[in-house]
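These notes concern the structure reproduced below.
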Amino acid sequence: GAVVSQHPSRVICKSGTSVKIECRSLDFQATTMFWYRQFPKQSLMLMATSNEGSKATYEQGVEKDKFLINHASLTLSTLTVTSAHPEDSSFYICSAQIPTGGETQYFGPGTRLLVL
Amino acid sequence: EDKVVQSPLSLVVHEGDTVTLNCSYEVTNFRSLLWYKQEKKAPTFLFMLTSSGIEKKSGRLSSILDKKELFSILNITATQTGDSAIYLCAVEMPNFGNEKLTFGTGTRLTIIP
(Lines give C-alpha, C1' and ligand atoms only; values in the text may rest on other atoms or scores of the structure.)
Protein backbone atom coordinates (compact mmCIF):
# COMPACT_ATOMS: atom_id res chain seq x y z
CA GLY A 1 0.00 0.00 0.00
CA ALA A 2 0.91 3.64 -0.29
CA VAL A 3 3.27 4.75 2.47
CA VAL A 4 3.87 8.29 3.67
CA SER A 5 6.65 9.13 6.10
CA GLN A 6 7.41 12.20 8.14
CA HIS A 7 10.67 13.39 9.59
CA PRO A 8 11.39 14.12 12.33
CA SER A 9 8.79 12.30 14.42
CA ARG A 10 9.44 14.63 17.32
CA VAL A 11 11.24 17.94 17.67
CA ILE A 12 11.86 20.24 20.61
CA CYS A 13 13.12 23.71 19.89
CA LYS A 14 13.60 27.07 21.50
CA SER A 15 11.22 29.92 20.91
CA GLY A 16 12.29 31.99 17.91
CA THR A 17 13.96 29.20 15.98
CA SER A 18 12.72 27.67 12.74
CA VAL A 19 11.80 24.03 12.32
CA LYS A 20 11.49 22.07 9.10
CA ILE A 21 9.25 19.00 8.83
CA GLU A 22 9.50 16.68 5.84
CA CYS A 23 6.71 14.64 4.32
CA ARG A 24 7.64 11.95 1.82
CA SER A 25 5.60 9.55 -0.26
CA LEU A 26 7.78 6.46 -0.27
CA ASP A 27 6.35 4.28 -3.00
CA PHE A 28 4.28 6.61 -5.13
CA GLN A 29 4.36 10.07 -6.62
CA ALA A 30 2.05 12.62 -5.10
CA THR A 31 1.13 15.74 -6.98
CA THR A 32 -0.88 16.95 -4.01
CA MET A 33 0.02 16.85 -0.35
CA PHE A 34 -1.87 18.26 2.59
CA TRP A 35 -0.63 19.65 5.89
CA TYR A 36 -2.78 19.37 9.02
CA ARG A 37 -2.53 20.35 12.63
CA GLN A 38 -4.11 18.15 15.27
CA PHE A 39 -5.09 19.10 18.79
CA PRO A 40 -5.80 16.40 21.41
CA LYS A 41 -9.18 14.73 20.90
CA GLN A 42 -9.99 17.20 18.20
CA SER A 43 -10.32 17.23 14.48
CA LEU A 44 -7.47 17.69 12.13
CA MET A 45 -7.24 21.28 10.97
CA LEU A 46 -6.22 21.67 7.36
CA MET A 47 -3.46 24.24 7.11
CA ALA A 48 -2.58 24.14 3.45
CA THR A 49 -2.67 22.18 0.23
CA SER A 50 0.67 21.68 -1.40
CA ASN A 51 0.93 21.14 -5.15
CA GLU A 52 4.16 20.06 -6.77
CA GLY A 53 5.78 22.86 -8.70
CA SER A 54 3.41 25.59 -7.61
CA LYS A 55 2.63 27.70 -4.59
CA ALA A 56 0.74 26.15 -1.73
CA THR A 57 -2.87 27.10 -1.08
CA TYR A 58 -3.34 28.19 2.52
CA GLU A 59 -6.53 27.94 4.51
CA GLN A 60 -8.06 31.04 6.00
CA GLY A 61 -6.32 32.10 9.16
CA VAL A 62 -3.06 30.28 8.42
CA GLU A 63 -0.12 32.63 8.03
CA LYS A 64 1.76 31.76 4.86
CA ASP A 65 4.86 33.66 5.98
CA LYS A 66 4.98 31.70 9.20
CA PHE A 67 4.27 28.25 7.80
CA LEU A 68 6.38 27.94 4.68
CA ILE A 69 5.50 25.04 2.41
CA ASN A 70 7.69 23.78 -0.38
CA HIS A 71 6.65 20.91 -2.64
CA ALA A 72 9.85 20.62 -4.64
CA SER A 73 9.36 17.13 -6.01
CA LEU A 74 6.64 14.56 -6.54
CA THR A 75 7.68 12.71 -3.41
CA LEU A 76 8.60 15.46 -0.97
CA SER A 77 6.83 18.37 0.67
CA THR A 78 8.29 20.37 3.54
CA LEU A 79 6.65 22.53 6.16
CA THR A 80 8.88 25.09 7.86
CA VAL A 81 7.58 26.72 11.01
CA THR A 82 9.46 30.01 11.11
CA SER A 83 10.21 31.83 14.35
CA ALA A 84 8.34 29.20 16.31
CA HIS A 85 6.51 30.15 19.50
CA PRO A 86 5.06 27.96 22.26
CA GLU A 87 1.57 28.32 20.77
CA ASP A 88 2.88 26.57 17.65
CA SER A 89 3.43 23.43 19.71
CA SER A 90 1.20 20.79 18.19
CA PHE A 91 1.03 17.54 16.27
CA TYR A 92 1.54 18.14 12.55
CA ILE A 93 0.31 15.54 10.07
CA CYS A 94 0.75 15.40 6.32
CA SER A 95 -1.11 13.36 3.76
CA ALA A 96 -0.61 12.65 0.09
CA GLN A 97 -2.86 11.85 -2.82
CA ILE A 98 -2.04 9.56 -5.72
CA PRO A 99 -2.78 11.50 -8.92
CA THR A 100 -5.08 8.82 -10.30
CA GLY A 101 -6.27 7.47 -6.97
CA GLY A 102 -9.40 9.53 -6.53
CA GLU A 103 -9.73 11.43 -3.30
CA THR A 104 -8.04 8.89 -1.05
CA GLN A 105 -5.45 10.49 1.18
CA TYR A 106 -2.57 8.53 2.66
CA PHE A 107 -1.55 9.96 6.00
CA GLY A 108 1.89 10.23 7.53
CA PRO A 109 2.54 9.25 11.15
CA GLY A 110 2.77 12.82 12.38
CA THR A 111 5.42 15.09 13.92
CA ARG A 112 5.18 16.33 17.47
CA LEU A 113 6.55 19.87 17.78
CA LEU A 114 7.26 21.29 21.21
CA VAL A 115 8.44 24.88 21.38
CA LEU A 116 9.95 25.92 24.69
CA GLU B 1 4.81 -3.25 10.17
CA ASP B 2 1.93 -1.37 11.77
CA LYS B 3 -1.26 -1.74 9.79
CA VAL B 4 -4.81 -0.39 9.92
CA VAL B 5 -7.31 -1.89 7.51
CA GLN B 6 -10.78 -0.55 6.89
CA SER B 7 -13.65 -2.32 5.19
CA PRO B 8 -15.53 -2.02 3.04
CA LEU B 9 -13.60 0.43 0.89
CA SER B 10 -16.85 1.91 -0.32
CA LEU B 11 -20.50 1.49 0.52
CA VAL B 12 -23.66 2.80 -1.10
CA VAL B 13 -26.94 2.57 0.81
CA HIS B 14 -30.34 4.20 0.82
CA GLU B 15 -31.35 6.88 3.25
CA GLY B 16 -32.71 5.34 6.43
CA ASP B 17 -30.52 2.25 6.27
CA THR B 18 -28.13 1.29 9.04
CA VAL B 19 -24.46 0.82 8.19
CA THR B 20 -21.53 -0.77 9.99
CA LEU B 21 -17.98 0.25 9.11
CA ASN B 22 -15.08 -1.91 10.15
CA CYS B 23 -11.55 -1.13 11.25
CA SER B 24 -9.01 -3.79 12.13
CA TYR B 25 -5.45 -3.17 13.23
CA GLU B 26 -2.12 -4.81 13.84
CA VAL B 27 0.22 -2.56 15.73
CA THR B 28 3.22 -3.00 17.97
CA ASN B 29 1.84 -0.82 20.72
CA PHE B 30 -1.67 0.52 21.20
CA ARG B 31 -2.84 3.66 22.94
CA SER B 32 -6.18 4.54 21.34
CA LEU B 33 -8.28 4.23 18.22
CA LEU B 34 -9.85 7.26 16.62
CA TRP B 35 -12.67 7.64 14.12
CA TYR B 36 -12.95 10.66 11.81
CA LYS B 37 -15.44 11.83 9.22
CA GLN B 38 -13.95 13.52 6.17
CA GLU B 39 -16.16 15.49 3.86
CA LYS B 40 -14.64 18.23 1.78
CA LYS B 41 -11.59 19.20 3.71
CA ALA B 42 -10.11 18.13 7.01
CA PRO B 43 -11.20 15.03 8.90
CA THR B 44 -13.59 15.81 11.75
CA PHE B 45 -13.09 13.96 15.00
CA LEU B 46 -15.87 11.54 15.95
CA PHE B 47 -14.68 9.18 18.69
CA MET B 48 -11.64 8.14 20.65
CA LEU B 49 -11.71 4.60 22.02
CA THR B 50 -9.26 3.27 24.55
CA SER B 51 -11.11 0.51 26.41
CA SER B 52 -12.65 -2.68 25.10
CA GLY B 53 -16.38 -3.22 25.15
CA ILE B 54 -17.45 0.29 26.09
CA GLU B 55 -19.73 1.77 23.46
CA LYS B 56 -19.41 5.44 22.69
CA LYS B 57 -22.47 7.18 21.25
CA SER B 58 -23.14 10.48 19.61
CA GLY B 59 -26.61 10.82 18.14
CA ARG B 60 -27.05 8.21 15.43
CA LEU B 61 -23.39 7.26 15.53
CA SER B 62 -21.86 4.73 17.86
CA SER B 63 -18.58 2.91 18.07
CA ILE B 64 -17.04 0.11 20.06
CA LEU B 65 -13.56 -1.35 20.39
CA ASP B 66 -12.47 -4.96 20.81
CA LYS B 67 -8.84 -5.04 21.94
CA LYS B 68 -8.74 -8.81 22.03
CA GLU B 69 -9.79 -9.24 18.41
CA LEU B 70 -8.09 -5.97 17.38
CA PHE B 71 -10.94 -4.23 15.68
CA SER B 72 -13.49 -1.48 16.02
CA ILE B 73 -16.81 -0.81 14.35
CA LEU B 74 -18.60 2.42 13.63
CA ASN B 75 -22.38 2.18 13.36
CA ILE B 76 -24.62 4.76 11.80
CA THR B 77 -28.37 4.25 12.17
CA ALA B 78 -31.15 5.92 10.15
CA THR B 79 -28.61 7.25 7.69
CA GLN B 80 -29.10 10.63 6.05
CA THR B 81 -27.58 12.14 2.92
CA GLY B 82 -25.43 14.32 5.16
CA ASP B 83 -23.69 11.18 6.38
CA SER B 84 -22.09 10.76 2.95
CA ALA B 85 -18.35 11.10 3.53
CA ILE B 86 -15.11 9.19 3.88
CA TYR B 87 -14.82 7.64 7.34
CA LEU B 88 -11.28 7.25 8.59
CA CYS B 89 -9.97 5.07 11.37
CA ALA B 90 -6.59 5.76 12.97
CA VAL B 91 -4.64 4.01 15.70
CA GLU B 92 -2.53 6.05 18.05
CA MET B 93 0.63 4.39 19.29
CA PRO B 94 3.22 5.50 21.79
CA ASN B 95 6.57 5.44 20.05
CA PHE B 96 9.61 5.87 22.26
CA GLY B 97 7.99 8.76 24.08
CA ASN B 98 6.41 10.14 20.93
CA GLU B 99 3.02 9.36 19.58
CA LYS B 100 2.45 7.96 16.13
CA LEU B 101 -0.77 7.81 14.17
CA THR B 102 -1.47 5.15 11.59
CA PHE B 103 -4.50 5.76 9.41
CA GLY B 104 -6.56 3.34 7.40
CA THR B 105 -7.41 4.32 3.84
CA GLY B 106 -10.99 5.01 4.76
CA THR B 107 -14.46 3.83 3.82
CA ARG B 108 -16.33 5.99 1.33
CA LEU B 109 -19.97 6.03 2.34
CA THR B 110 -22.61 7.28 -0.09
CA ILE B 111 -26.21 7.71 1.02
CA ILE B 112 -28.79 7.74 -1.77
CA PRO B 113 -31.94 9.79 -1.07
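Convention: chains lettered A, B, ... in C-alpha coordinates order; per-chain residue numbering from 1; ligands numbered from 1 as shown.
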Chain A residues near chain B (12 Å cut-off, only C-alpha atoms) as a PyMOL selection string: chain A and resi 1-12+34-49+59+90-97+101-114
Spatial neighbours of Asn51 of chain A, max dist 7 Å, only C-alpha atoms, sep filter under 4 positions, as a list of chain:residue names: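 In the requested form, the answer reads A:Thr31, A:Thr32, A:Met33, A:Lys55, A:Ala56, A:His71.
Residues in contact range of segment 25-29 of chain B, defined as at most 7 Å between only C-alpha atoms, with sequence neighbours fewer than 4 positions away removed, read Asp2, Lys3, Val4, Val5, Leu70, Phe71, Met93 and Pro94 of chain B.
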Distance criterion (only C-alpha atoms): nearest to Ser73 of chain A out of A:Ser25, A:Ser89, A:Thr100, A:Thr57: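 Looking only at the distances to Ser73 of chain A, the closest residue turns out to be A:Ser25.
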